[in-house]
Amino acid sequence: MNMMNKNELGFADLLKNGQTLKQFRDGIIERTQASGCYNGIEKLEFRDSDPIGYEKLFSKLRGGLVHARETAKKIAASPIVEQEGELCFTLYNAVGDCVLTSTGIIIHVGTMGAAIKYMIENNWEANPGINPGDMFTNNDCSIGNVHPCDIATIVPIFWEGRLIGWVGGVTHVIDTGSVTPGSMSTGQTQRFGDGYMITCRKTGINDEPLRDWLHESQRSVRTPKYWILDEKTRIAGCHMIRELVEDVIRADGIEAYEKFAYEVIEEGRRGLMSRIKAMTLPGKYRKVSFVDVPYKHEDVQVSNAFAKLDSIMHSPCEMTIKPDGKWRLDFEGASRWGWHTFNAHQVAFTSGIWVMMCQTLVPTQRINDGAYYATEFRLPKGTWCNPDDRRTGHAYAWHFLVSGWAALWRGLGQSYFSRGYLEEVNAGNANTSNWLQGGGINQDGEIHAVNSFEASSCGTGACAVKDGLNHAAAIWNPEGDMGDIEIWEMAEPLLYLGRNVKANSGGYGKYRGGCGFETLRMVWNAQDWTMFFMGNGFMNSDWGLMGGYPSATGYRFEAHKTGLENRIAIGDSLPLGGDLDPSNPDYERHLDATATVKRDKQCITTEDCYANHDLYLNYLRGGPGFGDPIDREPKAIEGDLNQKFLLPEYAEKVYGAVFTQDAKGVFTVDAAKTQARRAVIRKERLARALPTREWMKEERERILNKHASIQVQHMFATSFALSEKFTQQFKDFWNLPADWLVREEELGVPSYGSKHRMDLSLLPDVTTVVQVEE
Amino acid sequence: MSTYTNEQVAHLVEGTLDWETTFRMLSMPKDHSRFEQYVAALQAKVGFKDKIVLPLGPHLYIVQSAKTKEWVTQCDCGHVFADYRENWKLHAAIYVRDTEEAMTEVYPKLMAPDTQWQVYREYYCPTCGTMHDVEAPTPWYPVIHDFEPDIEAFYKDWMGLPVPERA
Ligand SMILES: [Zn+2]
């Protein structure tokens with residue numbers, strides 16, 4: 001006979017105060033709303049009465065978090081974690097609000113908090129129960145994770161039998177067992193192909209992972225060895241931090257610790273507001289970004305006919321900085337989510353922007369959920385950044401998150417510029433791609449997947465007093481590093497035939513965007529190998545600032561049947577180095593005439609086969625520029641020419657540089673002649689220009705006649721369908737007749753999902769956590 | 001808090017400030033007096049007599065007209081675009097790169113957007129030809145009104161400065 005446990009599933013009294021976690025959290029939300037201060041904390045009693053004790057506690061905890069990250073990182077074998085540092089540890093209070101976070105991919109300041117809140121709202125304390133020594137694993141994108149490859153381990157922290165907080169650790173794994181290999185794959189169009197999805201599952205008790213979890217999870221992904229070491233990394237870090245908290249409490253007392261764990265969030269809230277007042281300028285800032293989703297092409301092979309269309313993601317942002325130092329970010333008018341993997345959960349957005357803000361507005365260690373409480377977010381339901389359907393795919397949410405935030409860079413850049421803090425101005429992000437991904441049997445004869453993180457070193461945006469940095473950073477990881485060639489060659493069956501700065505990739509300007517770089521990879525010693533491309537191609541996701549140009553767009557180069565095996569054997573010439581001038585390609589001159597070459601703007605593809613000696617160009621984008629290019633110093637142009645950062649043709653055309661080249665190939669720019677040429681450029685500009693209002697009449701005619709590509713009309717149609725306000729503003733601006741509209745159904749492309757959708761919140765027994773205005 | 005000399009701020013504006021000081025500016029808490037020093041440095045540089053109320057770009061300002069005391073958006077060269085509350089771009093000269101040919105004037109083949117997806121709109125001063133902004137939207141996109149500063153709150157509440165007279 002099967003005897004049931006007599007212990008009733010029910011109230012666990014984890015807080016020992018008679019409240020459930022949900023009741024306790026509701027109280028905090030109520031007190032926050034009523035007072036405007038986090039948890040009703042109007043006076044920072046601890047900090048004000050014992051500032052040194054408070055700072056000591058802060059330093060101990062923060063230092064411990066950073067130390068745990070540095071130590072745990074060494075356990076991992078995956079170069080993404082071990083070389084690139086794609087991990088992060090965060091300490092939460094009992095309700096899942098972030099107290100402090102480590103360095104690294106601190107987008108997760110709120111994502112693991114969202115998972116904790118989900119467990120609280122859905123009564124995890126009754127079932128499956130929350131006990132000392134438990135571990136929970138989450139990567140569910142419909143409750144706040146950014147993309148499924150960010151796996152979080154969450155450990156509750158108890159003190160004398162009472163739950164006092166949580167610690168979470170996250171690593172970016174190489175493979176999630178999605179439809180195609182690589183952690184941010186493109187072949188799927190829905191959640192159901194996005195890979196192994198774990199919803200706050202209890203995966204360990206008594207500090208040990210459960211055996212069913214170990215067996216199931218490792219066979220659910222292509223790279224079990226990396227997977228398990230990543231898990232050990234997360235667990236070790238979480239346990240180190242849990243011990244640290246115990247030590248701190250032993251030293252400073254539980255009362256001080258708990259006071260700190262709430263007060264520091266209020267301090268963070270005030271900190272953001274005071275920084276906004278110290279650095280920016282009140283007013284309204286309107287910016288917009290786009291990115292291409294070119295799925296119509298035959299090299300995008302998906303399992304659904306309804307996903308086969310070209311579309312554009314649209315992210316208009318109205319940023320309002322209020323006189324009291326609060327700010328509001330409103331994305332009214334954003335386009336609908338789509339049948340691809342570039343959708344984002346609201347928390348990916350609200351949590352994620354802090355990874356960017358810590359590089360500009362809040363460049364301190366004091367990042368926690370206080371910043372969230374000082375910000376009003378409006379992400380309309382149904383948009384790409386707050387989907388209203390539980391089927392959406394998220395594997396590469398970054399495809400547009402990075403670009404969506406570019407609008408914030410430009411808004412903040414404007415405010416810094418107007419206020420005179422020129423050193424802070426940044427024209428924007430690079431579109432942090434290409435993502436070289438794929439898999440098959442590697443050089444060790446094992447099933448393998450790869451995801452090159454060279455994209456963590458793109459060009460940065462130009463500043464108002466200096467050029468952007470070349471091949472230096474990615475917005476999503478302040479600690480990014482391009483990784484050593486030798487390490488990548490061990491991790492991937494792909495030899496390097498070149499790794500060069502990408503000429504003309506940085507946006508032009510008085511100060512140019514940082515250049516990206518490009519690496520030419522040759523498949524070597526693999527079997528049944530596949531790869532694909534992912535990045536922007538037909539569009540630029542970032543604009544320049546104040547007269548600077550956007551960076552260059554992406555393009556793809558791949559070559560098959562290259563004949564390189566034989567060319568190497570006989571010592572014939574080889575394609576080496578960069579693809580310096582794609583208008584005049586050189587690689588093809590060093591391949592057999594029978595080679596199949598793909599050289600185009602189709603920068604999103606799905607898994608395709610690569611034989612040994614096939615080629616793949618990994619081009620990492622540059623950053624946008626600042627200021628009118630004809631203001632650029634002749635010496636700076638000379639430097640760019642001599643370092644092959646800029647092709648001579650564009651030094652002439654864009655910068656108006658007049659120069660000579662000596663017998664050794666050294667360029668010299670003539671300042672006086674350049675100045676004269678620039679005077680002519682000003683005249684040429686005006687000769688080809690129209691008054692804006694004249695041009696608007698022409699453009700209005702094109703709109704009335706619906707003269708635009710399908711993808712452009714489709715973008716407007718999805719934004720119109722979600723926002724009356726955006727529609728009205730559009731029609732007012734162009735003075736369109738009342739009955740003018742573009743609807744998806746008139747475009748002759750699949751409109752599956754445009755009318756009928758079902759949100760996760762409609763599933764039985766599910767309470768979703770909403771953290772934004774919708 | 002660090003403070004900087006007027007000379008240092010003038011060098012910052014020129015792009016000739018030494019890296020050590022620039023780095024200090026980046027890493028230390030912000031100097032509250034910067035705005036006044038910055039406007040003074042710009043005022044000394046421009047050729048017009050109108051008072052700079054707020055700098056908008058390297059060659060673009062909201063100024064108080066010396067003659068009328070109206071606030072307008074104005075170029076370095078003295079060209080007046082419009083009332084400061086209006087979108088100055090609607091009063092600029094525009095050139096739209098909406099063909100492959102026009103795009104390859106500025107980027108190598110394959111490295112510029114496809115104009116079926118995205119165009120570049122260059123906004124010039126109708127008098128001096130300075131390029132004040134490059135928009136990179138889809139076709140049909142409204143001209144964006146980028147910035148509506150709350151100048152009164154900024155001067156009065158944030159800076160503790162008298163708001164310049166406005167007609
Ligand atoms: Zn002018």
# chains A, B, ... in the order shown; residues from 1 in each chain; ligands from 1
call {"tool": "residues_near_ligand", "arguments": {"ligand": "ligand 1", "cutoff": "7 Å", "atoms": "only C-alpha atoms and all ligand atoms", "output": "ChimeraX atom specification"}}
result
/B:75-79,125-130
call {"tool": "interface_residues", "arguments": {"of": "chain B", "to": "chain A", "cutoff": "6 Å", "atoms": "only C-alpha atoms", "output": "JSON, numbers by chain"}}
result
{"B": [15, 35, 38, 55, 56, 57, 90, 92, 93, 94, 95, 108, 109, 110, 111, 112, 113, 114, 116, 129, 131, 132, 133, 134, 136, 146, 147, 148, 149, 150]}
call {"tool": "select_by_dssp", "arguments": {"residues": "chain B", "states": "strand (DSSP E or B)", "output": "short mmCIF file (atom, residue, chain, number, x, y, z; two decimals) with C-alpha atoms, in the first residue's frame"}}
result
data_model
loop_
_atom_site.label_atom_id
_atom_site.label_comp_id
_atom_site.auth_asym_id
_atom_site.auth_seq_id
_atom_site.Cartn_x
_atom_site.Cartn_y
_atom_site.Cartn_z
CA LYS B 51 23.06 84.42 -25.62
CA ILE B 52 23.40 80.62 -25.61
CA VAL B 53 20.62 79.14 -23.49
CA LEU B 54 21.32 75.47 -24.18
CA PRO B 55 23.81 73.75 -26.49
CA LEU B 56 22.13 71.09 -28.66
CA GLY B 57 24.99 69.86 -30.81
CA LEU B 60 23.58 73.90 -32.82
CA TYR B 61 22.18 75.90 -29.93
CA ILE B 62 19.05 77.21 -28.34
CA VAL B 63 19.83 80.92 -28.05
CA GLN B 64 18.12 84.02 -26.77
CA TRP B 71 14.43 81.71 -27.85
CA VAL B 72 15.28 80.07 -31.15
CA THR B 73 17.30 77.12 -32.45
CA GLN B 74 20.30 78.51 -34.25
CA CYS B 75 23.37 77.28 -36.15
CA VAL B 80 17.96 80.63 -37.32
CA PHE B 81 15.95 77.44 -37.79
CA ALA B 82 12.83 78.13 -35.74
CA ASP B 83 11.32 78.76 -32.34
CA ALA B 93 17.80 71.18 -45.80
CA ILE B 94 17.50 67.44 -46.22
CA TYR B 95 19.23 64.89 -48.42
CA VAL B 96 17.92 61.34 -48.32
CA ARG B 97 20.13 58.43 -49.30
CA TYR B 120 19.75 57.83 -44.30
CA ARG B 121 18.37 61.33 -43.94
CA GLU B 122 21.04 63.97 -43.68
CA TYR B 123 19.97 67.33 -42.23
CA TYR B 124 22.07 70.32 -43.25
CA MET B 131 25.47 68.36 -41.22
CA HIS B 132 23.66 68.59 -37.88
CA ASP B 133 22.09 65.16 -37.86
CA VAL B 134 21.82 61.87 -39.74
CA GLU B 135 18.61 59.93 -39.20
CA PHE B 147 14.57 66.65 -27.75
CA GLU B 148 12.26 68.95 -25.85
CA PRO B 149 14.29 70.19 -22.90
#
call {"tool": "closest_atom_pairs", "arguments": {"of": "region 248-296 of chain A", "to": "region 150-171 of chain A", "cutoff": "12 Å", "atoms": "only C-alpha atoms", "output": "tab-separated table"}}
result
residue	atom	partner	partner_atom	distance
A:Val248	CA	A:Trp159	CA	11.5
A:Ile249	CA	A:Trp159	CA	8.7
A:Arg250	CA	A:Trp159	CA	10.1
A:Gly253	CA	A:Trp159	CA	10.8
A:Ile254	CA	A:Trp159	CA	8.1
A:Glu255	CA	A:Ile164	CA	10.8
A:Tyr257	CA	A:Ile164	CA	9.3
A:Glu258	CA	A:Ile164	CA	7.5
A:Lys259	CA	A:Ile164	CA	11.0
A:Phe260	CA	A:Ile164	CA	11.8
A:Ala261	CA	A:Gly165	CA	8.6
A:Tyr262	CA	A:Gly165	CA	10.8
call {"tool": "write_last_selection", "arguments": {"atoms": "all heavy atoms", "output": "compact mmCIF listing (two decimals), in the first residue's frame"}}
result
# COMPACT_ATOMS: atom_id res chain seq x y z
N VAL A 248 28.91 37.06 7.69
CA VAL A 248 28.56 38.46 7.95
C VAL A 248 27.57 38.54 9.11
O VAL A 248 27.69 39.39 9.99
CB VAL A 248 27.99 39.11 6.67
CG1 VAL A 248 27.29 40.42 6.99
CG2 VAL A 248 29.10 39.33 5.65
N ILE A 249 26.60 37.64 9.11
CA ILE A 249 25.60 37.68 10.18
C ILE A 249 26.25 37.33 11.52
O ILE A 249 25.96 37.96 12.54
CB ILE A 249 24.42 36.73 9.86
CG1 ILE A 249 23.66 37.25 8.64
CG2 ILE A 249 23.48 36.61 11.06
CD1 ILE A 249 22.58 36.34 8.13
N ARG A 250 27.15 36.35 11.50
CA ARG A 250 27.85 36.01 12.74
C ARG A 250 28.62 37.22 13.28
O ARG A 250 28.66 37.48 14.48
CB ARG A 250 28.81 34.84 12.51
CG ARG A 250 28.18 33.50 12.89
CD ARG A 250 29.15 32.35 12.63
NE ARG A 250 28.45 31.31 11.90
CZ ARG A 250 28.71 30.94 10.66
NH1 ARG A 250 29.69 31.49 9.98
NH2 ARG A 250 28.00 30.00 10.08
N GLY A 253 25.58 40.53 13.12
CA GLY A 253 24.24 40.32 13.68
C GLY A 253 23.18 40.28 12.59
O GLY A 253 23.28 40.95 11.57
N ILE A 254 22.16 39.48 12.85
CA ILE A 254 21.09 39.32 11.86
C ILE A 254 20.30 40.60 11.68
O ILE A 254 19.84 40.93 10.59
CB ILE A 254 20.16 38.13 12.27
CG1 ILE A 254 19.05 37.91 11.23
CG2 ILE A 254 19.56 38.33 13.65
CD1 ILE A 254 19.52 37.40 9.91
N GLU A 255 20.19 41.37 12.76
CA GLU A 255 19.38 42.59 12.67
C GLU A 255 20.01 43.57 11.68
O GLU A 255 19.33 44.13 10.82
CB GLU A 255 19.28 43.23 14.05
CG GLU A 255 18.06 44.10 14.20
CD GLU A 255 17.99 44.70 15.60
OE1 GLU A 255 18.31 43.98 16.58
OE2 GLU A 255 17.67 45.89 15.69
N TYR A 257 22.12 42.85 9.30
CA TYR A 257 22.09 42.32 7.95
C TYR A 257 20.72 42.57 7.30
O TYR A 257 20.63 43.02 6.16
CB TYR A 257 22.41 40.81 7.93
CG TYR A 257 22.29 40.26 6.53
CD1 TYR A 257 23.32 40.45 5.61
CD2 TYR A 257 21.13 39.61 6.11
CE1 TYR A 257 23.19 39.99 4.30
CE2 TYR A 257 21.00 39.16 4.80
CZ TYR A 257 22.03 39.35 3.90
OH TYR A 257 21.91 38.92 2.62
N GLU A 258 19.68 42.26 8.03
CA GLU A 258 18.35 42.40 7.43
C GLU A 258 17.98 43.86 7.20
O GLU A 258 17.34 44.18 6.21
CB GLU A 258 17.31 41.70 8.31
CG GLU A 258 17.42 40.19 8.16
CD GLU A 258 16.14 39.47 8.52
OE1 GLU A 258 15.85 39.42 9.72
OE2 GLU A 258 15.46 38.97 7.61
N LYS A 259 18.40 44.72 8.10
CA LYS A 259 18.15 46.15 7.89
C LYS A 259 18.85 46.59 6.60
O LYS A 259 18.27 47.29 5.77
CB LYS A 259 18.69 46.93 9.09
CG LYS A 259 17.92 48.20 9.36
CD LYS A 259 18.16 48.70 10.78
CE LYS A 259 17.45 50.02 11.05
NZ LYS A 259 16.03 50.03 10.85
N PHE A 260 20.08 46.12 6.46
CA PHE A 260 20.87 46.47 5.28
C PHE A 260 20.19 45.98 4.00
O PHE A 260 20.12 46.70 2.99
CB PHE A 260 22.27 45.85 5.40
CG PHE A 260 23.15 46.10 4.22
CD1 PHE A 260 23.87 47.29 4.11
CD2 PHE A 260 23.25 45.16 3.20
CE1 PHE A 260 24.68 47.53 3.01
CE2 PHE A 260 24.06 45.40 2.10
CZ PHE A 260 24.77 46.58 2.01
N ALA A 261 19.67 44.75 4.05
CA ALA A 261 19.15 44.11 2.84
C ALA A 261 17.93 44.83 2.27
O ALA A 261 17.52 44.56 1.13
CB ALA A 261 18.81 42.64 3.12
N TYR A 262 17.33 45.71 3.02
CA TYR A 262 16.21 46.49 2.49
C TYR A 262 16.61 47.96 2.29
O TYR A 262 16.28 48.57 1.28
CB TYR A 262 14.98 46.36 3.42
CG TYR A 262 14.48 44.93 3.43
CD1 TYR A 262 15.04 43.97 4.27
CD2 TYR A 262 13.50 44.51 2.52
CE1 TYR A 262 14.64 42.64 4.24
CE2 TYR A 262 13.09 43.19 2.48
CZ TYR A 262 13.66 42.26 3.34
OH TYR A 262 13.25 40.95 3.28
call {"tool": "select_by_dssp", "arguments": {"residues": "region 365-422 of chain A", "states": "helix (DSSP H, G or I)", "output": "VMD selection string"}}
result
chain A and resid 370 to 373 398 to 419 422
call {"tool": "atom_distance", "arguments": {"atom1": "CA of Thr90 (chain A)", "atom2": "CA of Val109 (chain A)"}}
result
6.4 Å
call {"tool": "residues_around", "arguments": {"residues": "Thr115 (chain B)", "least_positions_apart": "3", "cutoff": "8 Å", "atoms": "only C-alpha atoms", "output": "ChimeraX atom specification"}}
result
/B:97-100,118-119
call {"tool": "residues_around", "arguments": {"residues": "region 670-673 of chain A", "least_positions_apart": "4", "cutoff": "10 Å", "atoms": "only C-alpha atoms", "output": "MDAnalysis selection string"}}
result
chainID A and resid 633:635 638 656:660 677:678
call {"tool": "write_last_selection", "arguments": {"atoms": "N, CA and C atoms", "output": "PDB file, in the first residue's frame"}}
result
ATOM      1  N   GLU A 633      39.664  65.901 -37.615  1.00  0.00           N
ATOM      2  CA  GLU A 633      41.046  66.351 -37.735  1.00  0.00           C
ATOM      3  C   GLU A 633      41.764  65.609 -38.866  1.00  0.00           C
ATOM      4  N   PRO A 634      42.442  66.334 -39.759  1.00  0.00           N
ATOM      5  CA  PRO A 634      43.196  65.655 -40.832  1.00  0.00           C
ATOM      6  C   PRO A 634      44.169  64.597 -40.297  1.00  0.00           C
ATOM      7  N   LYS A 635      44.789  64.878 -39.156  1.00  0.00           N
ATOM      8  CA  LYS A 635      45.745  63.905 -38.604  1.00  0.00           C
ATOM      9  C   LYS A 635      45.063  62.590 -38.219  1.00  0.00           C
ATOM     10  N   GLU A 638      44.498  60.667 -41.334  1.00  0.00           N
ATOM     11  CA  GLU A 638      45.786  60.093 -41.746  1.00  0.00           C
ATOM     12  C   GLU A 638      46.080  58.808 -40.959  1.00  0.00           C
ATOM     13  N   GLY A 656      36.250  64.420 -46.948  1.00  0.00           N
ATOM     14  CA  GLY A 656      36.806  65.512 -47.741  1.00  0.00           C
ATOM     15  C   GLY A 656      38.314  65.624 -47.618  1.00  0.00           C
ATOM     16  N   ALA A 657      38.968  64.512 -47.271  1.00  0.00           N
ATOM     17  CA  ALA A 657      40.419  64.570 -47.093  1.00  0.00           C
ATOM     18  C   ALA A 657      41.123  64.590 -48.454  1.00  0.00           C
ATOM     19  N   VAL A 658      42.137  65.427 -48.557  1.00  0.00           N
ATOM     20  CA  VAL A 658      43.006  65.440 -49.737  1.00  0.00           C
ATOM     21  C   VAL A 658      44.363  64.932 -49.260  1.00  0.00           C
ATOM     22  N   PHE A 659      44.852  63.872 -49.921  1.00  0.00           N
ATOM     23  CA  PHE A 659      46.049  63.226 -49.368  1.00  0.00           C
ATOM     24  C   PHE A 659      46.921  62.672 -50.483  1.00  0.00           C
ATOM     25  N   THR A 660      48.133  62.318 -50.116  1.00  0.00           N
ATOM     26  CA  THR A 660      49.056  61.650 -51.047  1.00  0.00           C
ATOM     27  C   THR A 660      49.541  60.378 -50.376  1.00  0.00           C
ATOM     28  N   ARG A 677      38.655  71.684 -49.805  1.00  0.00           N
ATOM     29  CA  ARG A 677      37.735  70.674 -50.340  1.00  0.00           C
ATOM     30  C   ARG A 677      36.444  70.624 -49.499  1.00  0.00           C
ATOM     31  N   ARG A 678      36.588  70.803 -48.210  1.00  0.00           N
ATOM     32  CA  ARG A 678      35.419  70.744 -47.326  1.00  0.00           C
ATOM     33  C   ARG A 678      34.461  71.910 -47.577  1.00  0.00           C
TER      34      ARG A 678
END
call {"tool": "atom_distance", "arguments": {"atom1": "CA of Lys22 (chain A)", "atom2": "CA of Ile120 (chain A)"}}
result
5.6 Å
call {"tool": "decode", "arguments": {"residues": "region 394-466 of chain A", "atoms": "C-alpha atoms", "output": "mmCIF file, in the first residue's frame"}}
result
data_model
loop_
_atom_site.group_PDB
_atom_site.id
_atom_site.type_symbol
_atom_site.label_atom_id
_atom_site.label_comp_id
_atom_site.auth_asym_id
_atom_site.auth_seq_id
_atom_site.Cartn_x
_atom_site.Cartn_y
_atom_site.Cartn_z
ATOM 1 C CA HIS A 394 13.589 34.172 -27.149
ATOM 2 C CA ALA A 395 16.869 32.423 -27.981
ATOM 3 C CA TYR A 396 18.472 35.587 -29.326
ATOM 4 C CA ALA A 397 16.558 38.352 -27.559
ATOM 5 C CA TRP A 398 19.768 40.365 -27.810
ATOM 6 C CA HIS A 399 19.252 40.800 -31.554
ATOM 7 C CA PHE A 400 17.046 43.737 -30.674
ATOM 8 C CA LEU A 401 17.583 44.436 -26.980
ATOM 9 C CA VAL A 402 20.995 45.867 -27.778
ATOM 10 C CA SER A 403 19.482 48.060 -30.448
ATOM 11 C CA GLY A 404 16.387 48.984 -28.480
ATOM 12 C CA TRP A 405 18.624 50.418 -25.786
ATOM 13 C CA ALA A 406 20.653 52.359 -28.333
ATOM 14 C CA ALA A 407 17.851 54.885 -28.173
ATOM 15 C CA LEU A 408 18.652 55.402 -24.485
ATOM 16 C CA TRP A 409 22.324 55.985 -25.239
ATOM 17 C CA ARG A 410 21.427 58.698 -27.688
ATOM 18 C CA GLY A 411 18.948 60.307 -25.309
ATOM 19 C CA LEU A 412 21.438 60.299 -22.467
ATOM 20 C CA GLY A 413 24.144 61.405 -24.908
ATOM 21 C CA GLN A 414 22.033 64.440 -25.760
ATOM 22 C CA SER A 415 21.560 65.301 -22.103
ATOM 23 C CA TYR A 416 25.266 64.944 -21.277
ATOM 24 C CA PHE A 417 26.173 67.031 -24.295
ATOM 25 C CA SER A 418 23.753 69.831 -23.486
ATOM 26 C CA ARG A 419 24.992 69.943 -19.922
ATOM 27 C CA GLY A 420 28.672 70.009 -20.873
ATOM 28 C CA TYR A 421 29.653 66.551 -19.685
ATOM 29 C CA LEU A 422 31.116 65.845 -23.101
ATOM 30 C CA GLU A 423 33.340 63.081 -21.752
ATOM 31 C CA GLU A 424 30.225 60.985 -21.041
ATOM 32 C CA VAL A 425 28.633 61.239 -24.485
ATOM 33 C CA ASN A 426 28.383 57.953 -26.356
ATOM 34 C CA ALA A 427 26.809 57.785 -29.792
ATOM 35 C CA GLY A 428 25.470 54.275 -29.150
ATOM 36 C CA ASN A 429 26.173 50.579 -29.337
ATOM 37 C CA ALA A 430 27.536 48.350 -31.997
ATOM 38 C CA ASN A 431 25.062 45.731 -33.121
ATOM 39 C CA THR A 432 26.985 43.073 -31.239
ATOM 40 C CA SER A 433 27.206 40.475 -33.958
ATOM 41 C CA ASN A 434 27.992 38.336 -35.988
ATOM 42 C CA TRP A 435 27.332 35.268 -33.905
ATOM 43 C CA LEU A 436 29.244 32.356 -35.314
ATOM 44 C CA GLN A 437 27.360 29.280 -34.165
ATOM 45 C CA GLY A 438 27.039 25.685 -35.231
ATOM 46 C CA GLY A 439 27.967 22.178 -34.308
ATOM 47 C CA GLY A 440 28.544 18.585 -35.356
ATOM 48 C CA ILE A 441 31.424 16.229 -34.606
ATOM 49 C CA ASN A 442 34.416 18.229 -33.488
ATOM 50 C CA GLN A 443 38.172 17.652 -33.739
ATOM 51 C CA ASP A 444 37.975 15.290 -30.737
ATOM 52 C CA GLY A 445 35.321 13.125 -32.370
ATOM 53 C CA GLU A 446 32.588 14.299 -30.008
ATOM 54 C CA ILE A 447 29.166 15.800 -30.569
ATOM 55 C CA HIS A 448 29.762 19.475 -30.030
ATOM 56 C CA ALA A 449 28.257 22.920 -30.395
ATOM 57 C CA VAL A 450 29.996 26.253 -30.749
ATOM 58 C CA ASN A 451 29.030 29.832 -30.047
ATOM 59 C CA SER A 452 31.870 32.223 -30.653
ATOM 60 C CA PHE A 453 31.903 35.082 -28.213
ATOM 61 C CA GLU A 454 34.225 37.201 -30.302
ATOM 62 C CA ALA A 455 31.169 39.466 -30.463
ATOM 63 C CA SER A 456 31.990 40.628 -26.965
ATOM 64 C CA SER A 457 34.580 42.886 -28.566
ATOM 65 C CA CYS A 458 32.805 45.085 -31.050
ATOM 66 C CA GLY A 459 33.583 48.734 -31.706
ATOM 67 C CA THR A 460 32.119 51.173 -29.210
ATOM 68 C CA GLY A 461 30.231 54.353 -30.036
ATOM 69 C CA ALA A 462 32.095 57.603 -30.524
ATOM 70 C CA CYS A 463 32.292 60.101 -27.696
ATOM 71 C CA ALA A 464 31.983 63.895 -28.040
ATOM 72 C CA VAL A 465 35.704 64.273 -27.324
ATOM 73 C CA LYS A 466 37.247 61.110 -28.730
#
